[in-house]
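Enquirer: Got a structure for you, questions after.
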Amino acid sequence: MSVAGIVDAHVHLMPPRLMAAIRESLSGEAGWTFDHPVERERMEAALRSAGVERYFALPYAHEAGVAEELNEWVLDAADRSDMAVPFATVHGDDDVDAVVRRAFEAGARGLKFQCPVQECGPADPRLTPAFELAAEYDRPVLFHAGTAPTFEASPHVGADQFARFVDSFPDVRACAAHMGAYETPEFVEFARRHDQVFLDTTMALSPRSEEFLGFDPATVTDETLSSLARSIMFGSDFPNLPYAYDDERRGLLDRDLPESAYRDIFRRTAERFLGER
């Protein structure tokens with residue numbers, strides 16, 4: 001099956017030096033290697049050739065004091081793109097209210113947190129101003145909220161942390177990346193019970209998922225994907241993907257899902273997450 005007008009809900013667009021540092025860290029911790037381009041124009045050419053029409057441009061601030069400049073860089077890059085949907089980020093030790101408000105006023109469509117790397121997560125009180133502004137501006141939040149691939153010991157991730165956010169901010173649309181791995185059943189249940197909870201498929205449903213993420217995609221059934229298609233959106237982690245982009249989509253396209261589910265997962269759910277539906 002082919003799907004047109006794909007929205008990739010999990011792409012990292014960042015300055016080259018920061019991207020190089022992230023790749024070096026991933027290579028050291030997980031042993032991954034990367035072949036995909038990191039320059040925006042080349043990234044977009046590769047995505048466009050794969051049928052992607054738009055993508056979420058996701059930054060994250062690994063330390064205090066860098067978020068504002070990073071957000072400005074992403075917003076500027078998105079201004080020169082007809083594909084990028086710019087998100088912003090903030091660190092827990094920043095002036096959270098000021099950084100997030102400026103980003104939203106400048107056009108950021110949501111917030112991204114790589115919780116274990118940033119050492120601040122969905123239950124961190126330092127981020128309360130960011131979440132209050134997300135509610136005020138009707139902007140969604142995308143979290144790396146699960147323990148995969150190497151974050152089991154982090155106090156900033158896990159289903160319990162995410163549950164506290166959902167209870168505290170019921171009006172904010174929130175996505176758990178990577179299907180919430182390794183606590184996928186708990187995150188799936190959140191999506192069943194709460195209309196504002198989303199999941200993305202990033203690196204969790206590929207034929208390469210077990211090899212690189214340590215997660216068996218077969219544990220997520222076709223029935224789950226079909227019944228929750230309005231809450232599940234396709235994501236890839238491009239360009240920091242340690243295998244071919246087509247492998248990321250193939251895990252979904254080889255499933256026996258209804259056409260309506262594919263339209264949701266590959267496009268319409270992302271539009272709902274953004275508040276466009």
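Ordering of the structure tokens sets the chain letters (A, B, ...), residue numbers begin anew at 1 in every chain, and ligands are numbered from 1 in the order given.
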Under the rule of at most 8 Å, produce a per-residue listing of segment 126-238 of chain A near segment 3-25 of chain A: chain, number, name, the closest pair of atoms, and the distance in Å, as JSON lines, using only C-alpha atoms.

Expert:
```
{"residue": "A:Asp200", "atom": "CA", "partner": "A:Ala9", "partner_atom": "CA", "distance": 7.2}
{"residue": "A:Thr202", "atom": "CA", "partner": "A:His10", "partner_atom": "CA", "distance": 6.9}
{"residue": "A:Met233", "atom": "CA", "partner": "A:Ala9", "partner_atom": "CA", "distance": 6.7}
{"residue": "A:Phe234", "atom": "CA", "partner": "A:Asp8", "partner_atom": "CA", "distance": 5.8}
{"residue": "A:Gly235", "atom": "CA", "partner": "A:His10", "partner_atom": "CA", "distance": 4.5}
{"residue": "A:Ser236", "atom": "CA", "partner": "A:His10", "partner_atom": "CA", "distance": 5.5}
{"residue": "A:Asp237", "atom": "CA", "partner": "A:Val11", "partner_atom": "CA", "distance": 5.0}
{"residue": "A:Phe238", "atom": "CA", "partner": "A:Val11", "partner_atom": "CA", "distance": 5.0}
```

Enquirer: Using only C-alpha atoms, what does the table of segment 165-216 of chain A residues within 10 Å of segment 240-249 of chain A look like, with each row giving the shortest atom pair and its distance in Å to one decimal, sorted by chain and ascending number, as a Markdown table?

Expert:
```
| residue | atom | partner | partner_atom | distance |
| --- | --- | --- | --- | --- |
| A:Thr201 | CA | A:Glu248 | CA | 8.9 |
| A:Thr202 | CA | A:Glu248 | CA | 7.8 |
| A:Met203 | CA | A:Glu248 | CA | 6.6 |
| A:Ala204 | CA | A:Glu248 | CA | 8.7 |
| A:Leu205 | CA | A:Glu248 | CA | 7.2 |
| A:Ser206 | CA | A:Glu248 | CA | 4.9 |
| A:Pro207 | CA | A:Asp247 | CA | 6.6 |
| A:Arg208 | CA | A:Asp247 | CA | 7.1 |
| A:Ser209 | CA | A:Glu248 | CA | 8.7 |
| A:Phe212 | CA | A:Pro242 | CA | 7.9 |
```

Enquirer: Which residues, written as a list in words, have at least one atom at most 8 Å from segment 141-144 of chain A, with only C-alpha atoms counted and residues fewer than 3 positions away on the same chain left out?

Expert: Gly110, Leu111, Lys112, Phe113, Gln114, Cys115, Pro116, Gly121, Pro122, Ala134, Val157, Val172, Arg173, Ala174, Cys175, Ala176, Ala177, His178 and Gly180 of chain A

Enquirer: May I ask which of the residues A:Pro239, A:Gly275, A:Gly251, A:Gly51 is the closest one to Val38 of chain A, counting only C-alpha atoms?

Expert: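 Closest to Val38 of chain A of all the choices is A:Pro239.
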
Enquirer: Pull the strand (DSSP E) assignments for segment 10-188 of chain A out of DSSP run on the backbone, and list those residues as a PyMOL selection string.

Expert: chain A and resi 10-11+52-57+84-86+111-113+141-143+174-176

Enquirer: Which residue, A:Asp76, A:Glu210, A:Asp138, A:Asp94, has the smallest gap to Gln118 of chain A when you use only C-alpha atoms?

Expert: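 Closest candidate: A:Asp94.
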
Enquirer: Could you pull the residues within 10 Å of Leu228 of chain A, counting only C-alpha atoms, minus those fewer than 4 positions along the same chain, as an MDAnalysis selection string?

Expert: chainID A and resid 188 191:192 198:199 222:224 232:233 261 264:265 269

Enquirer: With C-alpha atoms retained, export the selected residues as an mmCIF file, in the first residue's frame.

Expert:
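The new file part14.cif reads:
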```cif
data_model
loop_
_atom_site.group_PDB
_atom_site.id
_atom_site.type_symbol
_atom_site.label_atom_id
_atom_site.label_comp_id
_atom_site.auth_asym_id
_atom_site.auth_seq_id
_atom_site.Cartn_x
_atom_site.Cartn_y
_atom_site.Cartn_z
ATOM 1 C CA VAL A 188 -1.406 2.418 25.066
ATOM 2 C CA ALA A 191 -4.305 6.641 24.809
ATOM 3 C CA ARG A 192 -7.399 4.460 25.157
ATOM 4 C CA PHE A 198 -1.058 10.435 21.538
ATOM 5 C CA LEU A 199 1.709 7.987 20.658
ATOM 6 C CA ASP A 222 -2.977 -4.756 14.341
ATOM 7 C CA GLU A 223 -6.114 -4.419 16.457
ATOM 8 C CA THR A 224 -4.377 -1.895 18.712
ATOM 9 C CA ILE A 232 -1.123 7.094 16.821
ATOM 10 C CA MET A 233 1.050 8.981 14.354
ATOM 11 C CA ALA A 261 -6.204 3.621 9.833
ATOM 12 C CA ASP A 264 -4.877 8.488 10.292
ATOM 13 C CA ILE A 265 -1.448 7.156 11.253
ATOM 14 C CA THR A 269 -3.553 12.040 13.540
#
```

Enquirer: Looking only at helix (DSSP H, G or I) from DSSP on the backbone, list the matching residues of segment 49-252 of chain A as an MDAnalysis selection string.

Expert: chainID A and resid 49 67:79 96:106 115:118 125:137 159:168 177:180 184:193 209:212 217:219 222:227 229:231 245:252

Enquirer: What are the closest atom pairs, with distances in Å to one decimal, for each residue of segment 86-141 of chain A lying within 7 Å of segment 52-59 of chain A, using only C-alpha atoms, rows by chain and rising residue number, as a tab-separated table?

Expert:
```
residue	atom	partner	partner_atom	distance
A:Pro86	CA	A:Ala57	CA	4.9
A:Phe87	CA	A:Leu58	CA	5.4
A:Ala88	CA	A:Pro59	CA	6.2
A:Thr89	CA	A:Pro59	CA	6.2
A:Lys112	CA	A:Leu58	CA	6.2
```

Enquirer: Write the residues you've just listed into a file as a CSV table (one decimal), in the first residue's frame, and include N, CA and C atoms for each of them.

Expert:
```csv
chain,number,residue,atom,x,y,z
A,86,PRO,N,7.7,23.8,12.9
A,86,PRO,CA,8.7,24.1,13.9
A,86,PRO,C,8.1,23.9,15.3
A,87,PHE,N,8.8,23.1,16.1
A,87,PHE,CA,8.6,23.0,17.6
A,87,PHE,C,9.7,23.7,18.3
A,88,ALA,N,9.5,23.9,19.6
A,88,ALA,CA,10.5,24.6,20.4
A,88,ALA,C,10.8,23.7,21.6
A,89,THR,N,11.7,24.1,22.4
A,89,THR,CA,12.1,23.4,23.6
A,89,THR,C,12.5,24.4,24.7
A,112,LYS,N,8.9,20.2,22.5
A,112,LYS,CA,9.6,18.9,22.5
A,112,LYS,C,10.5,18.7,23.7
```
